[in-house]
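Visitor: Shown below is the structure under consideration.
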Amino acid sequence: MIEFHLEDHSGLSPYLQLVRQVRQALRLGMLAEGDQLPTVKEVVARLAINPNTVLKAYRELEHEGLVAARPGVGTFVTATLTDGSLAAHGPLRMDLQRWLAKARKAGLDDESIEALFMTTFRTVAGEEIA
């Protein structure tokens, strides 16, 4: 089961953070069809957020066709976002872990690592479009 977390400095609203985390888990094969998401009550207790925030996130995921609510039972995954590239994730994850270790050894903190990654990602993505 997925465990949600919120990042105050992410710039995303809490409900969008929850949606993004479910989508990432679906894309990485960490959630599969039939898996149950944590109940609204569980998420509220863990993250100390408003129940309406969780409900909004779950409704968004339901609107996207990724989950379905079963009244009195819970919310369940109905579709995944995995594709043929899932097999490549293992070696790429290992490369990324090595890179992160190098970044830490060079003295970068979490915020610096994220900034470096995102600016590089956006630059490369922009080059691919051009």
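All residue names refer to the structure tokens as shown: chains lettered A, B, ... in order, residues numbered from 1 in each chain, ligands numbered from 1 in order.
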Which residues are close to Ile113 (chain A), i.e. within 9 Å by only C-alpha atoms, leaving aside same-chain residues fewer than 4 positions away? Reply as a list of chain:residue names.

Guide: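 Returned residues: A:Leu100, A:Ala103, A:Arg104, A:Leu108, A:Asp109, A:Phe117, A:Met118.
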
Visitor: Looking only at the backbone, which of the residues in region 20-93 of chain A does DSSP tag as alpha helix (DSSP H), as an MDAnalysis selection string?

Guide: chainID A and resid 20:27 40:47 51:63 89:93

Visitor: List the spatial neighbours of Met30 (chain A) as a list in words - criterion: any atom at most 12 Å away, only C-alpha atoms, same-chain residues fewer than 4 positions off excluded.

Guide: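 What passes the distance filter is Met1, Ile2, Glu3, Gln21, Val22, Arg23, Gln24, Ala25, Leu26, Asp35, Gln36, Leu37, Val77, Thr80, Leu81, Thr82, Leu86 and His89 of chain A.
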
Visitor: Would you mind exporting N, CA, C and O atoms of the selected residues as a PDB file, in the first residue's frame?

Guide:
ATOM      1  N   MET A   1       0.848  -1.185   0.000  1.00  0.00           N
ATOM      2  CA  MET A   1       0.000   0.000   0.000  1.00  0.00           C
ATOM      3  C   MET A   1       0.890   1.245   0.000  1.00  0.00           C
ATOM      4  O   MET A   1       1.933   1.271   0.637  1.00  0.00           O
ATOM      5  N   ILE A   2       0.455   2.238  -0.706  1.00  0.00           N
ATOM      6  CA  ILE A   2       1.192   3.493  -0.808  1.00  0.00           C
ATOM      7  C   ILE A   2       1.116   4.253   0.519  1.00  0.00           C
ATOM      8  O   ILE A   2       0.097   4.211   1.202  1.00  0.00           O
ATOM      9  N   GLU A   3       2.210   4.916   0.874  1.00  0.00           N
ATOM     10  CA  GLU A   3       2.224   5.795   2.040  1.00  0.00           C
ATOM     11  C   GLU A   3       2.480   7.215   1.547  1.00  0.00           C
ATOM     12  O   GLU A   3       3.545   7.500   1.003  1.00  0.00           O
ATOM     13  N   GLN A  21       1.617  11.444  -6.419  1.00  0.00           N
ATOM     14  CA  GLN A  21       2.221  10.265  -5.802  1.00  0.00           C
ATOM     15  C   GLN A  21       1.540   8.974  -6.263  1.00  0.00           C
ATOM     16  O   GLN A  21       2.212   7.968  -6.504  1.00  0.00           O
ATOM     17  N   VAL A  22       0.226   9.003  -6.418  1.00  0.00           N
ATOM     18  CA  VAL A  22      -0.480   7.816  -6.917  1.00  0.00           C
ATOM     19  C   VAL A  22      -0.082   7.564  -8.370  1.00  0.00           C
ATOM     20  O   VAL A  22       0.220   6.430  -8.759  1.00  0.00           O
ATOM     21  N   ARG A  23      -0.051   8.617  -9.175  1.00  0.00           N
ATOM     22  CA  ARG A  23       0.317   8.459 -10.592  1.00  0.00           C
ATOM     23  C   ARG A  23       1.745   7.904 -10.724  1.00  0.00           C
ATOM     24  O   ARG A  23       2.006   7.045 -11.556  1.00  0.00           O
ATOM     25  N   GLN A  24       2.672   8.404  -9.890  1.00  0.00           N
ATOM     26  CA  GLN A  24       4.043   7.897  -9.929  1.00  0.00           C
ATOM     27  C   GLN A  24       4.086   6.425  -9.517  1.00  0.00           C
ATOM     28  O   GLN A  24       4.786   5.630 -10.145  1.00  0.00           O
ATOM     29  N   ALA A  25       3.352   6.066  -8.481  1.00  0.00           N
ATOM     30  CA  ALA A  25       3.319   4.666  -8.035  1.00  0.00           C
ATOM     31  C   ALA A  25       2.732   3.768  -9.119  1.00  0.00           C
ATOM     32  O   ALA A  25       3.198   2.640  -9.328  1.00  0.00           O
ATOM     33  N   LEU A  26       1.736   4.258  -9.840  1.00  0.00           N
ATOM     34  CA  LEU A  26       1.153   3.489 -10.940  1.00  0.00           C
ATOM     35  C   LEU A  26       2.143   3.353 -12.093  1.00  0.00           C
ATOM     36  O   LEU A  26       2.262   2.299 -12.716  1.00  0.00           O
ATOM     37  N   ASP A  35      -5.344  -2.994  -6.223  1.00  0.00           N
ATOM     38  CA  ASP A  35      -4.765  -2.522  -4.959  1.00  0.00           C
ATOM     39  C   ASP A  35      -5.664  -1.448  -4.352  1.00  0.00           C
ATOM     40  O   ASP A  35      -6.272  -0.657  -5.065  1.00  0.00           O
ATOM     41  N   GLN A  36      -5.708  -1.436  -3.021  1.00  0.00           N
ATOM     42  CA  GLN A  36      -6.514  -0.446  -2.322  1.00  0.00           C
ATOM     43  C   GLN A  36      -5.646   0.721  -1.885  1.00  0.00           C
ATOM     44  O   GLN A  36      -4.542   0.532  -1.380  1.00  0.00           O
ATOM     45  N   LEU A  37      -6.157   1.928  -2.086  1.00  0.00           N
ATOM     46  CA  LEU A  37      -5.495   3.114  -1.564  1.00  0.00           C
ATOM     47  C   LEU A  37      -5.843   3.238  -0.079  1.00  0.00           C
ATOM     48  O   LEU A  37      -6.854   2.706   0.368  1.00  0.00           O
ATOM     49  N   VAL A  77      -7.507   0.724  -7.152  1.00  0.00           N
ATOM     50  CA  VAL A  77      -6.871   1.005  -8.440  1.00  0.00           C
ATOM     51  C   VAL A  77      -7.599   0.226  -9.533  1.00  0.00           C
ATOM     52  O   VAL A  77      -7.847  -0.974  -9.389  1.00  0.00           O
ATOM     53  N   THR A  80      -3.452   1.033 -14.620  1.00  0.00           N
ATOM     54  CA  THR A  80      -2.060   1.351 -14.317  1.00  0.00           C
ATOM     55  C   THR A  80      -1.511   2.277 -15.394  1.00  0.00           C
ATOM     56  O   THR A  80      -2.134   2.487 -16.427  1.00  0.00           O
ATOM     57  N   LEU A  81      -0.342   2.794 -15.141  1.00  0.00           N
ATOM     58  CA  LEU A  81       0.330   3.664 -16.107  1.00  0.00           C
ATOM     59  C   LEU A  81       1.665   3.070 -16.541  1.00  0.00           C
ATOM     60  O   LEU A  81       2.480   3.757 -17.134  1.00  0.00           O
ATOM     61  N   THR A  82       1.890   1.801 -16.213  1.00  0.00           N
ATOM     62  CA  THR A  82       3.154   1.169 -16.593  1.00  0.00           C
ATOM     63  C   THR A  82       3.157   0.905 -18.094  1.00  0.00           C
ATOM     64  O   THR A  82       2.119   0.760 -18.721  1.00  0.00           O
ATOM     65  N   LEU A  86       9.212  -0.387 -18.145  1.00  0.00           N
ATOM     66  CA  LEU A  86       9.342  -0.734 -16.737  1.00  0.00           C
ATOM     67  C   LEU A  86      10.583  -1.581 -16.477  1.00  0.00           C
ATOM     68  O   LEU A  86      11.246  -1.428 -15.452  1.00  0.00           O
ATOM     69  N   HIS A  89      13.745   0.323 -15.613  1.00  0.00           N
ATOM     70  CA  HIS A  89      13.774   1.109 -14.383  1.00  0.00           C
ATOM     71  C   HIS A  89      14.850   0.651 -13.413  1.00  0.00           C
ATOM     72  O   HIS A  89      15.499   1.487 -12.775  1.00  0.00           O
TER      73      HIS A  89
END

Visitor: I need the residue nearest Ala87 (chain A) from this list: A:His5, A:Arg46, A:Arg27, A:His63. Use only C-alpha atoms for the distance.

Guide: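 Of A:His5, A:Arg46, A:Arg27, A:His63, the one nearest Ala87 (chain A), counting only C-alpha atoms, is A:Arg27.
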
Visitor: Measuring between only C-alpha atoms, which one of A:Glu33, A:Leu96, A:Pro91, A:Glu7 shows the shortest distance to Thr78 (chain A)?

Guide: A:Glu33

Visitor: Can you pull out every residue within 10 Å of Asn52 (chain A), counting only C-alpha atoms, but drop anything in the same chain fewer than 5 positions away, and send it as a ChimeraX atom specification?

Guide: /A:15,40,44,57-58

Visitor: May I have all residues of chain A that DSSP, computed from the backbone, assigns to strand (DSSP E), given as a list in words?

Guide: Val67, Ala68, Ala69, Arg70, Gly74, Thr75, Phe76 and Val77 of chain A

Visitor: Could you state the separation of CA of Glu60 (chain A) and CA of Val19 (chain A) in Å, given to one decimal place?

Guide: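 Pair CA of Glu60 (chain A) / CA of Val19 (chain A) returns 7.4 Å.
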